[in-house]
Amino acid sequence: MKVTSAKPSSYSPASLLTGPKGRVRLLTLLGIALPIGAFFGYVWCWALYIPYQDDMALIFAVNDFEENPLAKLPGILMEQLNDHRIVFAKLAALISYLSLGYIHFRGLVLAGYANLLLLGYGLYLFFRTTRLPLAYFLPVPFIIFNPYVYQISLWGLVSFQVPLVIAFSLLSLHALYTAMRPAWALVWAVCATFSSGSGLLCFLLGGFLLIVERRYRVLAWWALGFALTMSAYFFEYRFSSATQLPAWSELVGIFLTNLTVFSGSYLRIFSDSKALVMMLLLGATILGLYGLLFLRRVLGASTKAQQTLAAVFPSQANWLLHAGFLTLLATGALIALARSGGGILELASDRFHLYSSAFLALFYLVLVASLSPVLQKWLLRVGLAAAVFSNAYAYLHIEPARDSWYTSLSADAYNYPNHGFFLHQYNHMPDQDSTFYRHCRFPTIFSETTIQRIWQGSAHGENPFNSHLNFSLKRVKTPVDSPIYPMADLVMQLDSGLRLPQTGILMILSATDRPGQVYLVAPWRTRASVIHWLQTGDYYTNTLSVYFPDKLPSGTYGVSLCWKQETGLVPVLNTTHVLKL
């Protein structure tokens, strides 16, 4: 028998990107890559090597591991941080220590970006179940890869907590519903739980999926896995002071308000404190619309009212999309309950912004899967325009907050190695001694020699601006349950004609009775009104504010300002006044 070879296939990956449809697909892929690449550049530029706030838990873990590695490892990994068990963050710190001999916090931040990519991939898996063209996914990366999650993305510990708990939850639900792989679904659910406590919720929503599909045998195994995970998670568990509940008579109203704020808190991009009404309106709209979508999915179209609902939403999002959305909604409810004593804006804080971003992205997927083709196209246009605008606006709006955070940590990278304390973090506890940070590397952003030279120039009257500082100081009384240190609240008013840079300003405090004792503090500029901006072209006023714990030795201090320019010069603005602490 004659054997003939098969004709070579004309298919190739490149063929997917040729022709009219291929060009559309290429533009779509570029559109998806744009926010992802821009955000990576943002993380690369601003990630620091210095530990921040709860990163202390990672340092504790490495120090304990060094003393008795094998015996202490299970306890180290399972030890609580507030109300959570952050196994993967500690594993990342231990891997860094075992590989390099110290905790590479910048490396943790860059690895945390990969966690955000995993979250984006999980959302893409959910999107694929809609069977819509790839273009309909475009708004999602602009929502998720948003610079307003700057602390989550630039903070070593949290970059291994929040993105992973959402990503693992999505992967678990997808494996359970679409891939029909309950064993992998269980693995991802356990991983979600030990990324952050809210990961337990994916067990509940996974059980909901199994009940809907009547897969009762798998449900029995799922329930057993849930029980074992619960037993491990809550073994010797204790609630922390972070969980604050108001009086029972006020709890329901506060909880519902907080949940509504959480649902719309993506709009915090547009204002830190003045967007509360917008958050409430968006949150109420999302919850109301989703209620209709859920009723549409559950009730069918037997009655006249249900037929009207079916006419508005002719399609139905699958149960996987509903389960993902409900998981994030349940997470928001848990946060709204646990933080109900912290004030209404607590739910719109930086640490929860990624939750609200993923929540909005999942709502978009549920909604777009429920509309008619005409309305789907309109939603894509409106949603993409809004997502691109908010993403671009966030890069501009977040700059002062990010710069203040970055400059503050840069100042502390000088203060701690030279003086043994931080002025911009760890206000709730005494600073640890240098042996505690033996596995950390503080970057030399400002060397002591440079700072001394700047101050000496200021003390000898080198003032290129011929201007002086006028300032007032007030002490903030330390209330109960607040930082243990009295707070110094300093307001400085500069000459109105003086043009300051918008970023990177540092205040130098030099002890008048102890030559060579110099400290760095990071002030921030007050935002200007629209009228001031139109008149001067400056987004900020010439008022500087400084708020720091009074850890400095008592005495009098000379004050000057400095900052770096692209030329490498460091202008100095000195004052004849002294500050008494």
# chains A, B, ... in the order shown; residues from 1 in each chain; ligands from 1
$ residues_around --residues "Ala522 of chain A" --least-positions-apart "4" --cutoff "9 Å" --atoms "only C-alpha atoms" --output "ChimeraX atom specification"
/A:404-405,407-411,424,504-508,545-547
$ residues_around --residues "Val382 of chain A" --least-positions-apart "5" --cutoff "12 Å" --atoms "only C-alpha atoms" --output "list in words"
Tyr136, Leu138, Pro139, Tyr364, Val368, Leu375, Gln376, Lys377, Ala387, Val388 and Phe389 of chain A
$ write_last_selection --atoms "N, CA and C atoms" --output "compact mmCIF listing (two decimals), in the first residue's frame"
# COMPACT_ATOMS: atom_id res chain seq x y z
N TYR A 136 -14.41 42.16 24.33
CA TYR A 136 -15.26 42.47 25.48
C TYR A 136 -14.51 42.33 26.81
N LEU A 138 -11.61 43.81 27.24
CA LEU A 138 -10.72 44.97 27.31
C LEU A 138 -10.88 45.83 28.57
N PRO A 139 -12.09 46.12 29.06
CA PRO A 139 -12.17 46.97 30.26
C PRO A 139 -11.52 46.36 31.50
N TYR A 364 -19.06 43.66 35.87
CA TYR A 364 -19.09 43.94 34.43
C TYR A 364 -19.27 42.65 33.63
N VAL A 368 -22.42 42.06 31.22
CA VAL A 368 -22.26 41.96 29.77
C VAL A 368 -22.73 40.61 29.25
N LEU A 375 -26.96 45.87 23.27
CA LEU A 375 -26.59 46.49 24.54
C LEU A 375 -25.19 46.06 24.99
N GLN A 376 -24.79 44.86 24.62
CA GLN A 376 -23.43 44.43 24.93
C GLN A 376 -22.40 45.36 24.29
N LYS A 377 -22.64 45.73 23.03
CA LYS A 377 -21.72 46.63 22.33
C LYS A 377 -21.68 48.01 23.00
N ALA A 387 -13.21 52.86 31.95
CA ALA A 387 -12.06 52.16 32.53
C ALA A 387 -10.75 52.82 32.12
N VAL A 388 -10.63 53.19 30.84
CA VAL A 388 -9.40 53.85 30.37
C VAL A 388 -9.24 55.21 31.04
N PHE A 389 -10.33 55.97 31.12
CA PHE A 389 -10.27 57.29 31.76
C PHE A 389 -9.87 57.17 33.22
$ residues_around --residues "Leu309 of chain A" --least-positions-apart "5" --cutoff "12 Å" --atoms "only C-alpha atoms" --output "PyMOL selection string"
chain A and resi 289+291-304+314-316+370-371
$ residues_around --residues "segment 59-61 of chain A" --least-positions-apart "6" --cutoff "8 Å" --atoms "only C-alpha atoms" --output "PDB file with C-alpha atoms, in the first residue's frame"
ATOM      1  CA  ILE A  76       5.994  30.165  61.841  1.00  0.00           C
ATOM      2  CA  LEU A  77       3.877  29.664  58.737  1.00  0.00           C
ATOM      3  CA  LYS A  90       6.016  34.124  54.796  1.00  0.00           C
ATOM      4  CA  ALA A  93      10.235  35.878  52.650  1.00  0.00           C
ATOM      5  CA  LEU A  94      11.834  32.578  53.695  1.00  0.00           C
ATOM      6  CA  ILE A 103      14.794  39.489  52.764  1.00  0.00           C
ATOM      7  CA  PHE A 436      15.883  42.607  64.675  1.00  0.00           C
ATOM      8  CA  TYR A 437      16.590  43.949  61.159  1.00  0.00           C
ATOM      9  CA  HIS A 439      18.160  40.130  57.690  1.00  0.00           C
TER      10      HIS A 439
END
$ residues_around --residues "Phe363 of chain A" --least-positions-apart "5" --cutoff "12 Å" --atoms "only C-alpha atoms" --output "VMD selection string"
chain A and resid 123 126 to 127 139 to 140 143 263 to 264 282 to 283 285 to 291 293 to 294 317 321 to 329 356 to 358 368 to 370 383
$ residues_around --residues "segment 41-43 of chain A" --least-positions-apart "5" --cutoff "10 Å" --atoms "only C-alpha atoms" --output "ChimeraX atom specification"
/A:35-36,48,106,109-110,112-113,146-147,150,153-154,395
$ residues_around --residues "Tyr52 of chain A" --least-positions-apart "3" --cutoff "8 Å" --atoms "only C-alpha atoms" --output "list in words"
Asp55, Met56, Trp155, Gly156, Leu409 and Gln425 of chain A
$ select_by_dssp --residues "segment 21-104 of chain A" --states "strand (DSSP E)" --output "PyMOL selection string"
chain A and resi 80-81+84-85
